[in-house]
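Engineer: Contents of protein_16.cif (mmCIF, C-alpha atoms and all ligand atoms; chains and numbers go by the auth columns):
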data_work
loop_
_atom_site.group_PDB
_atom_site.id
_atom_site.type_symbol
_atom_site.label_atom_id
_atom_site.label_comp_id
_atom_site.label_asym_id
_atom_site.label_seq_id
_atom_site.Cartn_x
_atom_site.Cartn_y
_atom_site.Cartn_z
_atom_site.B_iso_or_equiv
_atom_site.auth_seq_id
_atom_site.auth_asym_id
ATOM 1 C CA MET A 1 114.760 119.814 72.243 0.00 183 A
ATOM 2 C CA LYS A 2 117.542 120.574 74.663 0.00 184 A
ATOM 3 C CA ARG A 3 120.066 117.831 75.101 0.00 185 A
ATOM 4 C CA ARG A 4 119.320 117.461 78.802 0.00 186 A
ATOM 5 C CA GLN A 5 115.619 117.017 78.233 0.00 187 A
ATOM 6 C CA LYS A 6 116.359 114.384 75.646 0.00 188 A
ATOM 7 C CA ARG A 7 118.549 112.557 78.113 0.00 189 A
ATOM 8 C CA VAL A 8 115.827 112.568 80.766 0.00 190 A
ATOM 9 C CA LEU A 9 113.301 111.242 78.268 0.00 191 A
ATOM 10 C CA GLN A 10 115.667 108.471 77.256 0.00 192 A
ATOM 11 C CA MET A 11 116.205 107.477 80.868 0.00 193 A
ATOM 12 C CA ALA A 12 112.467 107.463 81.502 0.00 194 A
ATOM 13 C CA PHE A 13 111.940 105.259 78.463 0.00 195 A
ATOM 14 C CA VAL A 14 114.563 102.737 79.575 0.00 196 A
ATOM 15 C CA PHE A 15 113.036 102.705 83.043 0.00 197 A
ATOM 16 C CA MET A 16 109.546 102.018 81.661 0.00 198 A
ATOM 17 C CA VAL A 17 110.794 99.199 79.461 0.00 199 A
ATOM 18 C CA ALA A 18 112.604 97.654 82.429 0.00 200 A
ATOM 19 C CA LEU A 19 109.516 97.971 84.602 0.00 201 A
ATOM 20 C CA ILE A 20 107.451 96.072 82.086 0.00 202 A
ATOM 21 C CA PHE A 21 109.831 93.391 80.866 0.00 203 A
ATOM 22 C CA LEU A 22 112.164 92.535 83.754 0.00 204 A
ATOM 23 C CA PRO A 23 111.831 88.789 84.357 0.00 205 A
ATOM 24 C CA ASN A 24 109.917 87.807 87.497 0.00 206 A
ATOM 25 C CA VAL A 25 109.300 91.343 88.755 0.00 207 A
ATOM 26 C CA GLY A 26 108.120 93.163 85.613 0.00 208 A
ATOM 27 C CA LEU A 27 104.478 93.771 84.759 0.00 209 A
ATOM 28 C CA TRP A 28 104.764 91.350 81.846 0.00 210 A
ATOM 29 C CA SER A 29 105.521 88.439 84.166 0.00 211 A
ATOM 30 C CA LEU A 30 102.403 89.248 86.187 0.00 212 A
ATOM 31 C CA TYR A 31 100.366 89.284 83.011 0.00 213 A
ATOM 32 C CA ARG A 32 101.885 86.030 81.831 0.00 214 A
ATOM 33 C CA GLU A 33 101.112 84.358 85.123 0.00 215 A
ATOM 34 C CA LYS A 34 97.489 85.470 85.023 0.00 216 A
ATOM 35 C CA HIS A 35 96.573 85.033 81.385 0.00 217 A
ATOM 36 C CA LEU A 36 98.925 82.804 79.479 0.00 218 A
ATOM 37 C CA MET A 37 98.626 79.740 81.638 0.00 219 A
ATOM 38 C CA LYS A 38 97.696 76.874 79.416 0.00 220 A
ATOM 39 C CA SER A 39 95.883 73.574 79.489 0.00 221 A
ATOM 40 C CA HIS A 40 94.513 72.801 82.871 0.00 222 A
ATOM 41 C CA GLU A 41 94.293 69.084 83.555 0.00 223 A
ATOM 42 C CA ALA A 42 92.460 68.189 86.701 0.00 224 A
ATOM 43 C CA GLY A 43 93.339 65.361 89.004 0.00 225 A
ATOM 44 C CA GLU A 44 94.622 62.414 87.012 0.00 226 A
ATOM 45 C CA GLN A 45 98.386 63.088 87.086 0.00 227 A
ATOM 46 C CA GLY A 46 98.180 63.966 90.741 0.00 228 A
ATOM 47 C CA PHE A 47 96.618 60.620 91.512 0.00 229 A
ATOM 48 C CA SER A 48 99.128 58.585 89.563 0.00 230 A
ATOM 49 C CA LEU A 49 101.933 60.171 91.595 0.00 231 A
ATOM 50 C CA GLY A 50 100.185 59.000 94.734 0.00 232 A
ATOM 51 C CA LEU A 51 99.450 62.563 95.788 0.00 233 A
ATOM 52 C CA SER A 52 96.179 63.828 97.064 0.00 234 A
ATOM 53 C CA GLU A 53 93.774 65.360 94.570 0.00 235 A
ATOM 54 C CA GLY A 54 95.381 68.359 92.922 0.00 236 A
ATOM 55 C CA HIS A 55 95.392 70.409 89.783 0.00 237 A
ATOM 56 C CA ILE A 56 98.187 70.342 87.250 0.00 238 A
ATOM 57 C CA TYR A 57 98.761 73.214 84.848 0.00 239 A
ATOM 58 C CA THR A 58 101.099 73.299 81.892 0.00 240 A
ATOM 59 C CA TRP A 59 102.592 76.726 81.409 0.00 241 A
ATOM 60 C CA THR A 60 103.577 78.361 78.159 0.00 242 A
ATOM 61 C CA ASP A 61 107.189 77.603 79.124 0.00 243 A
ATOM 62 C CA GLY A 62 106.307 73.890 78.944 0.00 244 A
ATOM 63 C CA LEU A 63 106.859 73.286 82.678 0.00 245 A
ATOM 64 C CA ARG A 64 104.120 71.612 84.655 0.00 246 A
ATOM 65 C CA ARG A 65 102.955 73.432 87.714 0.00 247 A
ATOM 66 C CA ARG A 66 100.660 72.300 90.423 0.00 248 A
ATOM 67 C CA ASP A 67 98.203 73.832 92.818 0.00 249 A
ATOM 68 C CA TRP A 68 99.749 72.492 96.008 0.00 250 A
ATOM 69 C CA HIS A 69 97.014 73.744 98.310 0.00 251 A
ATOM 70 C CA ASP A 70 95.587 71.092 100.591 0.00 252 A
ATOM 71 C CA ASN A 71 92.092 72.540 100.771 0.00 253 A
ATOM 72 C CA GLU A 72 90.903 69.729 102.996 0.00 254 A
ATOM 73 C CA SER A 73 93.468 70.597 105.698 0.00 255 A
ATOM 74 C CA ILE A 74 92.796 74.300 105.277 0.00 256 A
ATOM 75 C CA ARG A 75 89.088 73.688 105.914 0.00 257 A
ATOM 76 C CA ARG A 76 89.820 71.435 108.869 0.00 258 A
ATOM 77 C CA ASP A 77 92.075 74.125 110.359 0.00 259 A
ATOM 78 C CA GLU A 78 89.392 76.771 109.979 0.00 260 A
ATOM 79 C CA LEU A 79 86.976 74.679 112.041 0.00 261 A
ATOM 80 C CA ARG A 80 89.317 74.183 114.974 0.00 262 A
ATOM 81 C CA VAL A 81 88.374 75.736 118.293 0.00 263 A
ATOM 82 C CA GLY A 82 90.369 75.915 121.493 0.00 264 A
ATOM 83 C CA LYS A 83 92.886 77.993 123.345 0.00 265 A
ATOM 84 C CA GLY A 84 95.569 79.448 121.103 0.00 266 A
ATOM 85 C CA GLU A 85 93.876 78.175 117.930 0.00 267 A
ATOM 86 C CA HIS A 86 94.244 80.428 114.869 0.00 268 A
ATOM 87 C CA GLY A 87 97.211 82.080 116.604 0.00 269 A
ATOM 88 C CA LYS A 88 94.832 83.982 118.889 0.00 270 A
ATOM 89 C CA PRO A 89 95.939 85.232 122.306 0.00 271 A
ATOM 90 C CA TYR A 90 95.631 82.779 125.178 0.00 272 A
ATOM 91 C CA PRO A 91 93.646 84.395 127.972 0.00 273 A
ATOM 92 C CA LEU A 92 95.170 83.670 131.372 0.00 274 A
ATOM 93 C CA ALA A 93 92.965 83.261 134.413 0.00 275 A
ATOM 94 C CA GLU A 94 94.118 85.034 137.548 0.00 276 A
ATOM 95 C CA ASP A 95 95.438 81.836 139.139 0.00 277 A
ATOM 96 C CA GLU A 96 97.434 81.036 135.997 0.00 278 A
ATOM 97 C CA CYS A 97 99.490 84.240 136.162 0.00 279 A
ATOM 98 C CA ASP A 98 102.958 83.319 137.300 0.00 280 A
ATOM 99 C CA ASP A 99 106.100 85.078 136.153 0.00 281 A
ATOM 100 C CA SER A 100 108.326 82.078 136.799 0.00 282 A
ATOM 101 C CA VAL A 101 106.988 80.271 133.710 0.00 283 A
ATOM 102 C CA TYR A 102 108.896 82.743 131.536 0.00 284 A
ATOM 103 C CA LYS A 103 112.207 82.048 133.186 0.00 285 A
ATOM 104 C CA GLU A 104 113.496 79.014 131.345 0.00 286 A
ATOM 105 C CA ASN A 105 112.487 79.832 127.777 0.00 287 A
ATOM 106 C CA GLY A 106 111.798 83.549 127.574 0.00 288 A
ATOM 107 C CA PHE A 107 108.191 82.764 126.678 0.00 289 A
ATOM 108 C CA ASN A 108 105.306 81.373 128.665 0.00 290 A
ATOM 109 C CA ILE A 109 105.915 77.604 128.681 0.00 291 A
ATOM 110 C CA TYR A 110 102.714 76.996 130.637 0.00 292 A
ATOM 111 C CA VAL A 111 100.705 78.475 127.778 0.00 293 A
ATOM 112 C CA SER A 112 102.726 76.539 125.210 0.00 294 A
ATOM 113 C CA ASN A 113 102.079 73.284 127.090 0.00 295 A
ATOM 114 C CA ASN A 114 98.341 73.953 126.991 0.00 296 A
ATOM 115 C CA ILE A 115 98.042 74.729 123.295 0.00 297 A
ATOM 116 C CA ALA A 116 97.494 71.795 120.927 0.00 298 A
ATOM 117 C CA LEU A 117 100.662 70.598 119.188 0.00 299 A
ATOM 118 C CA ASP A 118 98.839 70.754 115.851 0.00 300 A
ATOM 119 C CA ARG A 119 97.124 74.065 116.501 0.00 301 A
ATOM 120 C CA SER A 120 95.870 76.072 113.535 0.00 302 A
ATOM 121 C CA LEU A 121 97.429 79.286 112.326 0.00 303 A
ATOM 122 C CA PRO A 122 95.971 82.097 110.221 0.00 304 A
ATOM 123 C CA ASP A 123 97.053 82.321 106.594 0.00 305 A
ATOM 124 C CA ILE A 124 98.933 85.609 106.583 0.00 306 A
ATOM 125 C CA ARG A 125 100.301 85.353 103.048 0.00 307 A
ATOM 126 C CA HIS A 126 99.858 88.175 100.572 0.00 308 A
ATOM 127 C CA PRO A 127 96.691 87.477 98.531 0.00 309 A
ATOM 128 C CA ASN A 128 98.750 87.004 95.354 0.00 310 A
ATOM 129 C CA CYS A 129 100.721 84.211 96.999 0.00 311 A
ATOM 130 C CA LYS A 130 97.543 82.242 97.589 0.00 312 A
ATOM 131 C CA THR A 131 97.028 81.641 93.891 0.00 313 A
ATOM 132 C CA LYS A 132 100.650 80.921 93.105 0.00 314 A
ATOM 133 C CA LEU A 133 101.485 77.623 91.466 0.00 315 A
ATOM 134 C CA TYR A 134 104.771 75.830 91.976 0.00 316 A
ATOM 135 C CA LEU A 135 106.537 73.188 89.918 0.00 317 A
ATOM 136 C CA GLU A 136 104.874 69.815 89.958 0.00 318 A
ATOM 137 C CA SER A 137 108.172 68.066 90.422 0.00 319 A
ATOM 138 C CA LEU A 138 110.150 69.313 93.403 0.00 320 A
ATOM 139 C CA PRO A 139 113.183 67.781 95.124 0.00 321 A
ATOM 140 C CA ASN A 140 112.778 66.421 98.641 0.00 322 A
ATOM 141 C CA THR A 141 114.709 68.004 101.475 0.00 323 A
ATOM 142 C CA SER A 142 116.271 67.354 104.864 0.00 324 A
ATOM 143 C CA ILE A 143 115.136 69.602 107.670 0.00 325 A
ATOM 144 C CA ILE A 144 117.691 70.204 110.393 0.00 326 A
ATOM 145 C CA ILE A 145 116.599 71.727 113.692 0.00 327 A
ATOM 146 C CA PRO A 146 119.366 72.611 116.128 0.00 328 A
ATOM 147 C CA PHE A 147 118.158 73.411 119.640 0.00 329 A
ATOM 148 C CA HIS A 148 119.558 74.183 123.041 0.00 330 A
ATOM 149 C CA ASN A 149 117.410 73.715 126.152 0.00 331 A
ATOM 150 C CA GLU A 150 114.306 74.258 124.031 0.00 332 A
ATOM 151 C CA GLY A 151 110.889 74.014 125.659 0.00 333 A
ATOM 152 C CA TRP A 152 109.667 70.489 125.008 0.00 334 A
ATOM 153 C CA SER A 153 106.184 71.445 123.785 0.00 335 A
ATOM 154 C CA SER A 154 107.426 74.166 121.445 0.00 336 A
ATOM 155 C CA LEU A 155 109.994 71.775 119.973 0.00 337 A
ATOM 156 C CA LEU A 156 107.322 69.148 119.406 0.00 338 A
ATOM 157 C CA ARG A 157 105.006 71.757 117.900 0.00 339 A
ATOM 158 C CA THR A 158 107.703 72.682 115.405 0.00 340 A
ATOM 159 C CA ILE A 159 108.008 69.069 114.273 0.00 341 A
ATOM 160 C CA HIS A 160 104.237 68.699 114.091 0.00 342 A
ATOM 161 C CA SER A 161 103.937 71.826 111.978 0.00 343 A
ATOM 162 C CA ILE A 162 106.531 70.599 109.523 0.00 344 A
ATOM 163 C CA SER A 163 104.968 67.186 109.059 0.00 345 A
ATOM 164 C CA TYR A 164 101.409 68.506 109.071 0.00 346 A
ATOM 165 C CA ARG A 165 101.969 71.288 106.544 0.00 347 A
ATOM 166 C CA THR A 166 104.413 69.667 104.151 0.00 348 A
ATOM 167 C CA PRO A 167 103.563 67.025 101.547 0.00 349 A
ATOM 168 C CA ASP A 168 105.105 63.794 102.895 0.00 350 A
ATOM 169 C CA HIS A 169 107.216 62.975 99.877 0.00 351 A
ATOM 170 C CA LEU A 170 109.002 66.353 100.029 0.00 352 A
ATOM 171 C CA ILE A 171 110.475 65.615 103.465 0.00 353 A
ATOM 172 C CA ALA A 172 113.412 63.249 103.219 0.00 354 A
ATOM 173 C CA GLU A 173 114.180 63.437 106.920 0.00 355 A
ATOM 174 C CA ILE A 174 113.926 65.644 109.990 0.00 356 A
ATOM 175 C CA ILE A 175 117.139 65.836 111.993 0.00 357 A
ATOM 176 C CA LEU A 176 117.081 67.204 115.531 0.00 358 A
ATOM 177 C CA VAL A 177 120.449 68.356 116.774 0.00 359 A
ATOM 178 C CA ASP A 178 120.696 68.726 120.512 0.00 360 A
ATOM 179 C CA ASP A 179 123.281 71.443 120.908 0.00 361 A
ATOM 180 C CA TYR A 180 124.544 70.676 124.408 0.00 362 A
ATOM 181 C CA SER A 181 121.298 70.973 126.329 0.00 363 A
ATOM 182 C CA ASP A 182 121.700 70.427 130.036 0.00 364 A
ATOM 183 C CA ARG A 183 118.068 70.367 131.007 0.00 365 A
ATOM 184 C CA ALA A 184 116.828 66.879 131.748 0.00 366 A
ATOM 185 C CA THR A 185 113.501 67.310 129.915 0.00 367 A
ATOM 186 C CA VAL A 186 114.991 67.796 126.494 0.00 368 A
ATOM 187 C CA GLN A 187 117.987 65.576 127.001 0.00 369 A
ATOM 188 C CA SER A 188 116.449 62.174 127.400 0.00 370 A
ATOM 189 C CA PRO A 189 113.681 61.707 124.820 0.00 371 A
ATOM 190 C CA VAL A 190 115.391 63.169 121.764 0.00 372 A
ATOM 191 C CA GLY A 191 117.910 61.106 119.888 0.00 373 A
ATOM 192 C CA THR A 192 119.883 62.591 117.064 0.00 374 A
ATOM 193 C CA THR A 193 117.544 61.788 114.210 0.00 375 A
ATOM 194 C CA ALA A 194 113.892 61.173 113.613 0.00 376 A
ATOM 195 C CA GLY A 195 112.741 59.836 110.281 0.00 377 A
ATOM 196 C CA SER A 196 109.787 61.536 108.612 0.00 378 A
HETATM 197 C C1 LIG B . 91.548 75.013 96.557 0.00 401 A
HETATM 198 O O1 LIG B . 90.535 75.969 96.694 0.00 401 A
HETATM 199 C C2 LIG B . 90.682 77.098 95.839 0.00 401 A
HETATM 200 C C3 LIG B . 89.666 78.141 96.230 0.00 401 A
HETATM 201 O O2 LIG B . 88.423 77.565 96.445 0.00 401 A
HETATM 202 C C4 LIG B . 90.556 76.605 94.392 0.00 401 A
HETATM 203 O O3 LIG B . 90.672 77.703 93.510 0.00 401 A
HETATM 204 C C5 LIG B . 91.652 75.603 94.120 0.00 401 A
HETATM 205 O O4 LIG B . 91.511 75.059 92.830 0.00 401 A
HETATM 206 C C6 LIG B . 91.606 74.469 95.136 0.00 401 A
HETATM 207 N N1 LIG B . 92.800 73.666 94.985 0.00 401 A
HETATM 208 C C7 LIG B . 92.825 72.341 95.053 0.00 401 A
HETATM 209 C C8 LIG B . 94.125 71.669 94.846 0.00 401 A
HETATM 210 O O5 LIG B . 91.823 71.681 95.268 0.00 401 A
HETATM 211 C C1 LIG B . 114.873 62.116 98.059 0.00 402 A
HETATM 212 O O1 LIG B . 115.224 62.354 96.725 0.00 402 A
HETATM 213 C C2 LIG B . 116.349 61.602 96.283 0.00 402 A
HETATM 214 C C3 LIG B . 116.721 62.080 94.891 0.00 402 A
HETATM 215 O O2 LIG B . 115.619 62.068 94.039 0.00 402 A
HETATM 216 C C4 LIG B . 115.994 60.121 96.328 0.00 402 A
HETATM 217 O O3 LIG B . 117.106 59.343 95.894 0.00 402 A
HETATM 218 C C5 LIG B . 115.629 59.758 97.754 0.00 402 A
HETATM 219 O O4 LIG B . 115.197 58.392 97.793 0.00 402 A
HETATM 220 C C6 LIG B . 114.519 60.645 98.287 0.00 402 A
HETATM 221 N N1 LIG B . 114.365 60.368 99.705 0.00 402 A
HETATM 222 C C7 LIG B . 113.182 60.116 100.260 0.00 402 A
HETATM 223 C C8 LIG B . 113.208 59.793 101.717 0.00 402 A
HETATM 224 O O5 LIG B . 112.140 60.143 99.636 0.00 402 A
#
What does this structure look like when you write it as structure tokens?
Structural biologist:
Amino acid sequence: MKRRQKRVLQMAFVFMVALIFLPNVGLWSLYREKHLMKSHEAGEQGFSLGLSEGHIYTWTDGLRRRDWHDNESIRRDELRVGKGEHGKPYPLAEDECDDSVYKENGFNIYVSNNIALDRSLPDIRHPNCKTKLYLESLPNTSIIIPFHNEGWSSLLRTIHSISYRTPDHLIAEIILVDDYSDRATVQSPVGTTAGS
């Protein structure tokens, strides 16, 4: 074999090995995730932590992972009907068309004000993400939202989404930082912090 051919073959071999065994991205990690998951214990541990019903899995690496999906909420979201639900377009009647509503925020604040603060959204995750399990024990976190002259309803919707879609014990606090707003609507009601 010519030396160059040999070189190319060697490179190809190294590439294949990397493709298969690279941690997290290699084919082996996909296989491990699908097939080597061990000992599925339903419920019990979840309950003792004061969480809603969930499934705990112990992996071959000894770490406990949990199916964090809140199927109850997902089902409730699917059943919602109304304007803007499921992230669908909001049809404007002729008498609702008014360009001035875009002026202050760059989006239609009239529409935002008329969509429920806890509106549903479609699940646009990649199908593989929907079966992903995350560690059972996760640290809590502070969520900091800086805003400047933000539309009141969109700001409230943000806070609703966080509290509605995050397990309570993972939110330590939500901090709203008013970054020098000069519009009366956002100035008065928001303090500097809001506990979760
Ligand atoms: C949620 O539903 C999916 C699909 O039906 C199921 O595989 C999963 O175990 C459920 N998860 C929980 C925590 O109930
Ligand atoms: C967040 O986690 C820390 C460290 O575990 C804990 O000390 C603190 O009490 C938690 N905060 C809340 C609000 O749960």
Engineer: Let me see if you get this right: every residue at most 10 Å from ligand LIG 402 (chain A), counting only C-alpha atoms and all ligand atoms, written as an NGL selection string.
Structural biologist: :A and (320-324 or 350-355 or 377-378)
Engineer: Please, which residues have at least one atom within 8 Å of an atom of ligand LIG 401 (chain A), using only C-alpha atoms and all ligand atoms, listed as a VMD selection string?
Structural biologist: chain A and resid 235 to 237 248 to 253 313
Engineer: Store the residues picked out above in a file with C-alpha atoms, as a PDB file, in the frame of the given file.
Structural biologist:
ATOM      1  CA  GLU A 235      93.774  65.360  94.570  1.00  0.00           C
ATOM      2  CA  GLY A 236      95.381  68.359  92.922  1.00  0.00           C
ATOM      3  CA  HIS A 237      95.392  70.409  89.783  1.00  0.00           C
ATOM      4  CA  ARG A 248     100.660  72.300  90.423  1.00  0.00           C
ATOM      5  CA  ASP A 249      98.203  73.832  92.818  1.00  0.00           C
ATOM      6  CA  TRP A 250      99.749  72.492  96.008  1.00  0.00           C
ATOM      7  CA  HIS A 251      97.014  73.744  98.310  1.00  0.00           C
ATOM      8  CA  ASP A 252      95.587  71.092 100.591  1.00  0.00           C
ATOM      9  CA  ASN A 253      92.092  72.540 100.771  1.00  0.00           C
ATOM     10  CA  THR A 313      97.028  81.641  93.891  1.00  0.00           C
TER      11      THR A 313
END
Engineer: So, counting only C-alpha atoms, which residue among A:Asp243, A:Leu204, A:Arg347, A:Gly269 is closest to Ile306 of chain A?
Structural biologist: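 Among the listed residues, A:Gly269 lies closest to Ile306 of chain A.
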Engineer: Give me the residues within 10 Å of segment 291-301 of chain A as a PyMOL selection string, counting only C-alpha atoms and dropping any in the same chain fewer than 4 places off.
Structural biologist: chain A and resi 259+262-269+271-274+278-280+282-287+333-347
Engineer: How would you write as a PDB file with C-alpha atoms, in the coordinates of the input the residues that get within 9 Å of (105.4, 71.2, 90.3) in the file's frame, counting all atoms listed in the file?
Structural biologist:
ATOM      1  CA  ILE A 238      98.187  70.342  87.250  1.00  0.00           C
ATOM      2  CA  TYR A 239      98.761  73.214  84.848  1.00  0.00           C
ATOM      3  CA  LEU A 245     106.859  73.286  82.678  1.00  0.00           C
ATOM      4  CA  ARG A 246     104.120  71.612  84.655  1.00  0.00           C
ATOM      5  CA  ARG A 247     102.955  73.432  87.714  1.00  0.00           C
ATOM      6  CA  ARG A 248     100.660  72.300  90.423  1.00  0.00           C
ATOM      7  CA  ASP A 249      98.203  73.832  92.818  1.00  0.00           C
ATOM      8  CA  TRP A 250      99.749  72.492  96.008  1.00  0.00           C
ATOM      9  CA  LEU A 315     101.485  77.623  91.466  1.00  0.00           C
ATOM     10  CA  TYR A 316     104.771  75.830  91.976  1.00  0.00           C
ATOM     11  CA  LEU A 317     106.537  73.188  89.918  1.00  0.00           C
ATOM     12  CA  GLU A 318     104.874  69.815  89.958  1.00  0.00           C
ATOM     13  CA  SER A 319     108.172  68.066  90.422  1.00  0.00           C
ATOM     14  CA  LEU A 320     110.150  69.313  93.403  1.00  0.00           C
TER      15      LEU A 320
END
Engineer: Hey, which of A:Arg365, A:Val190, A:Lys270, A:Val207 ends up closest to Pro304 of chain A? Count only C-alpha atoms.
Structural biologist: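 Using only C-alpha atoms, Pro304 of chain A sits closest to A:Lys270.
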Engineer: Considering all atoms listed in the file, state which residue in the set A:Leu303, A:Ala200, A:Trp241, A:Ile326 is at the smallest distance from Glu260 of chain A.
Structural biologist: A:Leu303
Engineer: Could you add the missing atoms to segment 256-264 of chain A, up to all heavy atoms, and return them as an mmCIF file, in the coordinates of the input?
Structural biologist:
data_model
loop_
_atom_site.group_PDB
_atom_site.id
_atom_site.type_symbol
_atom_site.label_atom_id
_atom_site.label_comp_id
_atom_site.auth_asym_id
_atom_site.auth_seq_id
_atom_site.Cartn_x
_atom_site.Cartn_y
_atom_site.Cartn_z
ATOM 1 N N ILE A 256 93.094 72.890 105.022
ATOM 2 C CA ILE A 256 92.796 74.300 105.277
ATOM 3 C C ILE A 256 91.407 74.418 105.909
ATOM 4 O O ILE A 256 91.215 75.129 106.893
ATOM 5 C CB ILE A 256 92.880 75.117 103.964
ATOM 6 C CG1 ILE A 256 94.341 75.171 103.477
ATOM 7 C CG2 ILE A 256 92.338 76.528 104.162
ATOM 8 C CD1 ILE A 256 94.529 75.777 102.108
ATOM 9 N N ARG A 257 90.455 73.651 105.357
ATOM 10 C CA ARG A 257 89.088 73.688 105.914
ATOM 11 C C ARG A 257 89.065 73.135 107.334
ATOM 12 O O ARG A 257 88.430 73.688 108.226
ATOM 13 C CB ARG A 257 88.132 72.890 105.023
ATOM 14 C CG ARG A 257 87.328 73.772 104.075
ATOM 15 C CD ARG A 257 86.194 72.999 103.439
ATOM 16 N NE ARG A 257 86.678 71.862 102.655
ATOM 17 C CZ ARG A 257 87.105 71.970 101.386
ATOM 18 N NH1 ARG A 257 87.093 73.127 100.776
ATOM 19 N NH2 ARG A 257 87.537 70.916 100.726
ATOM 20 N N ARG A 258 89.790 72.033 107.534
ATOM 21 C CA ARG A 258 89.820 71.435 108.869
ATOM 22 C C ARG A 258 90.403 72.431 109.889
ATOM 23 O O ARG A 258 89.899 72.564 110.993
ATOM 24 C CB ARG A 258 90.672 70.155 108.848
ATOM 25 C CG ARG A 258 89.944 68.958 109.427
ATOM 26 C CD ARG A 258 90.806 67.718 109.463
ATOM 27 N NE ARG A 258 91.224 67.266 108.149
ATOM 28 C CZ ARG A 258 92.491 67.017 107.785
ATOM 29 N NH1 ARG A 258 93.474 67.186 108.643
ATOM 30 N NH2 ARG A 258 92.778 66.610 106.573
ATOM 31 N N ASP A 259 91.456 73.133 109.478
ATOM 32 C CA ASP A 259 92.075 74.125 110.359
ATOM 33 C C ASP A 259 91.099 75.234 110.724
ATOM 34 O O ASP A 259 91.054 75.687 111.859
ATOM 35 C CB ASP A 259 93.301 74.742 109.676
ATOM 36 C CG ASP A 259 94.593 74.088 110.140
ATOM 37 O OD1 ASP A 259 94.511 73.015 110.769
ATOM 38 O OD2 ASP A 259 95.664 74.655 109.874
ATOM 39 N N GLU A 260 90.325 75.664 109.731
ATOM 40 C CA GLU A 260 89.392 76.771 109.979
ATOM 41 C C GLU A 260 88.359 76.411 111.033
ATOM 42 O O GLU A 260 87.847 77.269 111.744
ATOM 43 C CB GLU A 260 88.682 77.166 108.673
ATOM 44 C CG GLU A 260 89.532 78.085 107.804
ATOM 45 C CD GLU A 260 89.004 78.210 106.392
ATOM 46 O OE1 GLU A 260 87.941 77.602 106.080
ATOM 47 O OE2 GLU A 260 89.659 78.902 105.590
ATOM 48 N N LEU A 261 88.032 75.115 111.116
ATOM 49 C CA LEU A 261 86.976 74.679 112.041
ATOM 50 C C LEU A 261 87.478 74.460 113.467
ATOM 51 O O LEU A 261 86.684 74.236 114.381
ATOM 52 C CB LEU A 261 86.348 73.378 111.532
ATOM 53 C CG LEU A 261 85.585 73.478 110.212
ATOM 54 C CD1 LEU A 261 85.130 72.107 109.746
ATOM 55 C CD2 LEU A 261 84.402 74.421 110.345
ATOM 56 N N ARG A 262 88.787 74.501 113.644
ATOM 57 C CA ARG A 262 89.317 74.183 114.974
ATOM 58 C C ARG A 262 88.941 75.252 115.994
ATOM 59 O O ARG A 262 88.955 76.438 115.702
ATOM 60 C CB ARG A 262 90.844 74.051 114.926
ATOM 61 C CG ARG A 262 91.320 72.798 114.238
ATOM 62 C CD ARG A 262 92.826 72.730 114.274
ATOM 63 N NE ARG A 262 93.315 72.493 115.629
ATOM 64 C CZ ARG A 262 93.688 71.314 116.082
ATOM 65 N NH1 ARG A 262 93.661 70.265 115.297
ATOM 66 N NH2 ARG A 262 94.106 71.179 117.317
ATOM 67 N N VAL A 263 88.615 74.794 117.201
ATOM 68 C CA VAL A 263 88.374 75.736 118.293
ATOM 69 C C VAL A 263 89.200 75.286 119.487
ATOM 70 O O VAL A 263 89.483 74.105 119.646
ATOM 71 C CB VAL A 263 86.878 75.789 118.714
ATOM 72 C CG1 VAL A 263 86.052 76.548 117.707
ATOM 73 C CG2 VAL A 263 86.330 74.394 118.919
ATOM 74 N N GLY A 264 89.594 76.252 120.306
ATOM 75 C CA GLY A 264 90.369 75.915 121.493
ATOM 76 C C GLY A 264 91.323 77.042 121.797
ATOM 77 O O GLY A 264 91.485 77.970 121.006
#
